[in-house]
Amino acid sequence: MTAAVGPYVLGVDSGGSGMRVALGVVGAEKPVATAVCAAPVRTGPAGIDAGHLLEQLLPATRELLARAGEQERAAEGASIGAVAIGAAGMATLGGQLRAELPAALESALGVRLLALAADAVTAYAGAVGQRPGAVVAGGTGMIALGTDLTSWRRADGWGHLLGDSGGGAWIGRAGLDAAMRAHDGRRGGSAALLARLEAVFGPAADLPGVLYPRTDRPALLASFAPEVAACAGDDPVAAGILRDAAGHIAEAAAAVCPQRGSDDEPCEVALTGGLFRMGAPLLVPLREELARQLPQARTVPGSGDPLTGSLHIAEALATGDLRLPLHPTMLCVPAYGLGQEGL
């Protein structure tokens, strides 16, 4: 693989709340410019909608090139050497992206080097870089990803119906369950969480009508997670929910963490994502669980987010220095047919 001609690289982070795009320069610490596309990319029967992603990405890219002083080439985008796109659901719903984006981006922007990655991979690249280790990406959902630089190991990230144990939607649902138990007079209820449910959503008996018709149920459930954290200091039920969440998160990290890191140093486990902004109510029991389940590892704060990670991957691709393991659905370079079996 040869180094790219264009001076710029493009990183994309597409998630449930929208899409972010960053234009960077190889070797620079910070992006030249960033843009936000507020509408989340649609997901349909064929998976993530490639056409809808392009409808947002192409104008945003041309705007970024123009802002960077590339007005004369912004129309064709010839100055972009490599693109890395990280998307939530890429591993299971990214078939259309992998099939359509390589040709579309080469035609529209002249880009021949393209990496398509699961958002957990870009979170890893942003938090750990291109070293052995593990990352726990927590937000509405929860996924753990680890690598020894020969293959990826994944735990959870299966969505709010099948997993994402310990994530925001999981915590919020557990909190609402405890609130409804208090409303009914069942064991395990929390009067404090019932009061917060009614303050946020209205009468408890009306909650099914509020929740079930929504197409964004995971996000709505996750919106209650901060209420659980706020009650945890005085309410043992809320505190227990966060202890259970910490146990699930640590289990996922333990399942993917390699035995050793670089140069036989302790493996790093990075925590990244909005979930961990809950602070001490979650982080204190989580650190205790990580120390118990992963005594050979060192927990570190994530040093970057998925957008930063996508830029790192694009730069590594542009310079021929991509060391993270390739995989058909987690991290692929489709124009070159690069990937490997696994997971």
# chains A, B, ... in the order shown; residues from 1 in each chain; ligands from 1
$ residues_around --residues "A:Gly126" --least-positions-apart "2" --cutoff "8 Å" --atoms "only C-alpha atoms" --output "VMD selection string"
chain A and resid 122 to 124 128 to 129 302 to 310 312
$ select_by_dssp --residues "stretch 161-336 of chain A" --states "helix (DSSP H, G or I)" --output "number ranges by chain"
A: 168-184, 191-201, 204-211, 217-222, 225-231, 236-256, 262-264, 274-278, 280-293, 306-318, 334-336
$ closest_residue --among "A:Leu242, A:Leu176, A:Ala314, A:Ala255" --to "A:Leu286" --atoms "only C-alpha atoms"
A:Leu242
$ closest_residue --among "A:Ala50, A:Val333, A:Leu197, A:Ala144" --to "A:Val121" --atoms "only C-alpha atoms"
A:Ala144
$ residues_around --residues "A:Gly69" --least-positions-apart "4" --cutoff "12 Å" --atoms "only C-alpha atoms" --output "PDB file with C-alpha atoms, in the first residue's frame"
ATOM      1  CA  TYR A   8      -5.728  15.865   3.940  1.00  0.00           C
ATOM      2  CA  LEU A  23     -10.754  17.164   8.176  1.00  0.00           C
ATOM      3  CA  VAL A  32      -8.158  21.456  10.615  1.00  0.00           C
ATOM      4  CA  ALA A  33     -11.936  21.773  10.791  1.00  0.00           C
ATOM      5  CA  ARG A  62     -16.820  20.080   0.521  1.00  0.00           C
ATOM      6  CA  GLU A  63     -17.618  22.706   3.144  1.00  0.00           C
ATOM      7  CA  LEU A  64     -14.637  21.588   5.227  1.00  0.00           C
ATOM      8  CA  LEU A  65     -12.321  21.727   2.214  1.00  0.00           C
ATOM      9  CA  ARG A  73     -10.536  21.806  -5.373  1.00  0.00           C
ATOM     10  CA  ALA A  74     -13.496  21.517  -3.023  1.00  0.00           C
ATOM     11  CA  SER A  79      -6.838  16.755  -1.991  1.00  0.00           C
TER      12      SER A  79
END
$ residues_around --residues "stretch 95-102 of chain A" --least-positions-apart "5" --cutoff "9 Å" --atoms "only C-alpha atoms" --output "list of chain:residue names"
A:Ala46, A:Gly47, A:Ile48, A:Asp49, A:Ala50, A:Gly51, A:Leu53, A:Leu54, A:Met90, A:Ser107, A:Val111, A:Arg112, A:Leu113, A:Leu114, A:Leu116, A:Thr329, A:Cys332, A:Val333, A:Pro334, A:Ala335
$ write_last_selection --atoms "all heavy atoms" --output "short mmCIF file (atom, residue, chain, number, x, y, z; two decimals), in the first residue's frame"
data_model
loop_
_atom_site.label_atom_id
_atom_site.label_comp_id
_atom_site.auth_asym_id
_atom_site.auth_seq_id
_atom_site.Cartn_x
_atom_site.Cartn_y
_atom_site.Cartn_z
N ALA A 46 -32.06 -2.97 4.58
CA ALA A 46 -30.75 -3.37 4.05
C ALA A 46 -29.60 -2.95 4.95
O ALA A 46 -28.43 -3.10 4.59
CB ALA A 46 -30.55 -2.78 2.65
N GLY A 47 -29.92 -2.41 6.12
CA GLY A 47 -28.87 -1.98 7.04
C GLY A 47 -28.71 -0.47 7.02
O GLY A 47 -29.64 0.28 6.69
N ILE A 48 -27.52 -0.01 7.37
CA ILE A 48 -27.24 1.43 7.37
C ILE A 48 -27.35 1.96 5.95
O ILE A 48 -26.78 1.40 5.01
CB ILE A 48 -25.85 1.71 7.94
CG1 ILE A 48 -25.73 1.15 9.36
CG2 ILE A 48 -25.56 3.21 7.97
CD1 ILE A 48 -24.32 1.14 9.92
N ASP A 49 -28.09 3.04 5.77
CA ASP A 49 -28.42 3.57 4.45
C ASP A 49 -27.23 4.34 3.88
O ASP A 49 -26.93 5.45 4.31
CB ASP A 49 -29.64 4.48 4.57
CG ASP A 49 -30.21 4.92 3.23
OD1 ASP A 49 -29.43 5.07 2.27
OD2 ASP A 49 -31.44 5.11 3.15
N ALA A 50 -26.57 3.75 2.89
CA ALA A 50 -25.39 4.37 2.28
C ALA A 50 -25.75 5.69 1.60
O ALA A 50 -25.00 6.67 1.67
CB ALA A 50 -24.74 3.42 1.28
N GLY A 51 -26.89 5.73 0.92
CA GLY A 51 -27.30 6.95 0.23
C GLY A 51 -27.51 8.10 1.19
O GLY A 51 -27.11 9.24 0.92
N LEU A 53 -26.17 8.45 4.16
CA LEU A 53 -24.87 8.87 4.69
C LEU A 53 -24.17 9.79 3.70
O LEU A 53 -23.63 10.84 4.09
CB LEU A 53 -24.01 7.64 4.99
CG LEU A 53 -22.66 7.90 5.67
CD1 LEU A 53 -22.30 6.78 6.62
CD2 LEU A 53 -21.53 8.06 4.64
N LEU A 54 -24.19 9.44 2.42
CA LEU A 54 -23.53 10.27 1.42
C LEU A 54 -24.20 11.62 1.27
O LEU A 54 -23.53 12.63 1.03
CB LEU A 54 -23.51 9.53 0.08
CG LEU A 54 -22.56 8.34 -0.02
CD1 LEU A 54 -22.86 7.52 -1.26
CD2 LEU A 54 -21.11 8.81 -0.03
N MET A 90 -21.94 -0.86 12.36
CA MET A 90 -21.20 -1.26 11.16
C MET A 90 -20.99 -2.78 11.11
O MET A 90 -21.10 -3.40 10.04
CB MET A 90 -19.84 -0.56 11.11
CG MET A 90 -18.96 -0.94 9.94
SD MET A 90 -19.50 -0.25 8.37
CE MET A 90 -18.88 1.42 8.52
N SER A 107 -15.72 8.23 -6.83
CA SER A 107 -16.34 9.02 -7.88
C SER A 107 -16.57 10.47 -7.46
O SER A 107 -16.31 11.40 -8.22
CB SER A 107 -17.67 8.39 -8.29
OG SER A 107 -18.38 9.19 -9.20
N VAL A 111 -11.34 9.76 -3.75
CA VAL A 111 -10.69 9.04 -2.66
C VAL A 111 -10.55 7.57 -3.03
O VAL A 111 -11.52 6.90 -3.38
CB VAL A 111 -11.51 9.17 -1.36
CG1 VAL A 111 -10.92 8.29 -0.26
CG2 VAL A 111 -11.55 10.62 -0.91
N ARG A 112 -9.33 7.05 -2.93
CA ARG A 112 -9.09 5.63 -3.23
C ARG A 112 -8.74 4.83 -2.00
O ARG A 112 -8.75 3.60 -2.03
CB ARG A 112 -7.98 5.50 -4.27
CG ARG A 112 -8.33 6.12 -5.63
CD ARG A 112 -7.29 5.77 -6.65
NE ARG A 112 -7.20 4.32 -6.83
CZ ARG A 112 -6.09 3.68 -7.20
NH1 ARG A 112 -4.98 4.36 -7.40
NH2 ARG A 112 -6.09 2.37 -7.35
N LEU A 113 -8.38 5.49 -0.91
CA LEU A 113 -8.06 4.80 0.33
C LEU A 113 -9.19 5.04 1.33
O LEU A 113 -9.40 6.16 1.79
CB LEU A 113 -6.74 5.30 0.91
CG LEU A 113 -5.48 4.95 0.12
CD1 LEU A 113 -4.26 5.60 0.75
CD2 LEU A 113 -5.30 3.44 0.04
N LEU A 114 -9.91 3.97 1.64
CA LEU A 114 -11.08 4.07 2.51
C LEU A 114 -11.05 2.94 3.52
O LEU A 114 -10.85 1.77 3.16
CB LEU A 114 -12.37 3.98 1.68
CG LEU A 114 -13.68 3.81 2.46
CD1 LEU A 114 -13.98 5.05 3.30
CD2 LEU A 114 -14.83 3.51 1.50
N LEU A 116 -13.49 1.30 6.60
CA LEU A 116 -14.82 1.27 7.20
C LEU A 116 -14.71 0.49 8.50
O LEU A 116 -14.24 -0.65 8.52
CB LEU A 116 -15.83 0.61 6.26
CG LEU A 116 -16.06 1.35 4.94
CD1 LEU A 116 -16.93 0.53 4.00
CD2 LEU A 116 -16.70 2.71 5.19
N THR A 329 -15.80 -7.17 8.96
CA THR A 329 -16.90 -6.29 9.38
C THR A 329 -16.48 -5.26 10.42
O THR A 329 -17.10 -4.20 10.52
CB THR A 329 -18.07 -7.11 9.97
OG1 THR A 329 -17.61 -7.86 11.09
CG2 THR A 329 -18.63 -8.06 8.91
N CYS A 332 -12.32 -2.83 7.84
CA CYS A 332 -11.96 -3.32 6.51
C CYS A 332 -11.54 -2.16 5.62
O CYS A 332 -11.93 -1.01 5.83
CB CYS A 332 -13.11 -4.11 5.88
SG CYS A 332 -14.57 -3.13 5.47
N VAL A 333 -10.72 -2.50 4.63
CA VAL A 333 -10.27 -1.56 3.61
C VAL A 333 -10.76 -2.15 2.29
O VAL A 333 -10.03 -2.86 1.60
CB VAL A 333 -8.74 -1.39 3.63
CG1 VAL A 333 -8.31 -0.33 2.62
CG2 VAL A 333 -8.26 -1.00 5.02
N PRO A 334 -12.02 -1.89 1.92
CA PRO A 334 -12.66 -2.66 0.85
C PRO A 334 -12.03 -2.51 -0.52
O PRO A 334 -12.05 -3.45 -1.31
CB PRO A 334 -14.11 -2.14 0.86
CG PRO A 334 -14.05 -0.84 1.57
CD PRO A 334 -12.94 -0.94 2.54
N ALA A 335 -11.46 -1.37 -0.83
CA ALA A 335 -10.88 -1.19 -2.16
C ALA A 335 -9.73 -2.15 -2.41
O ALA A 335 -9.41 -2.48 -3.55
CB ALA A 335 -10.40 0.25 -2.34
#
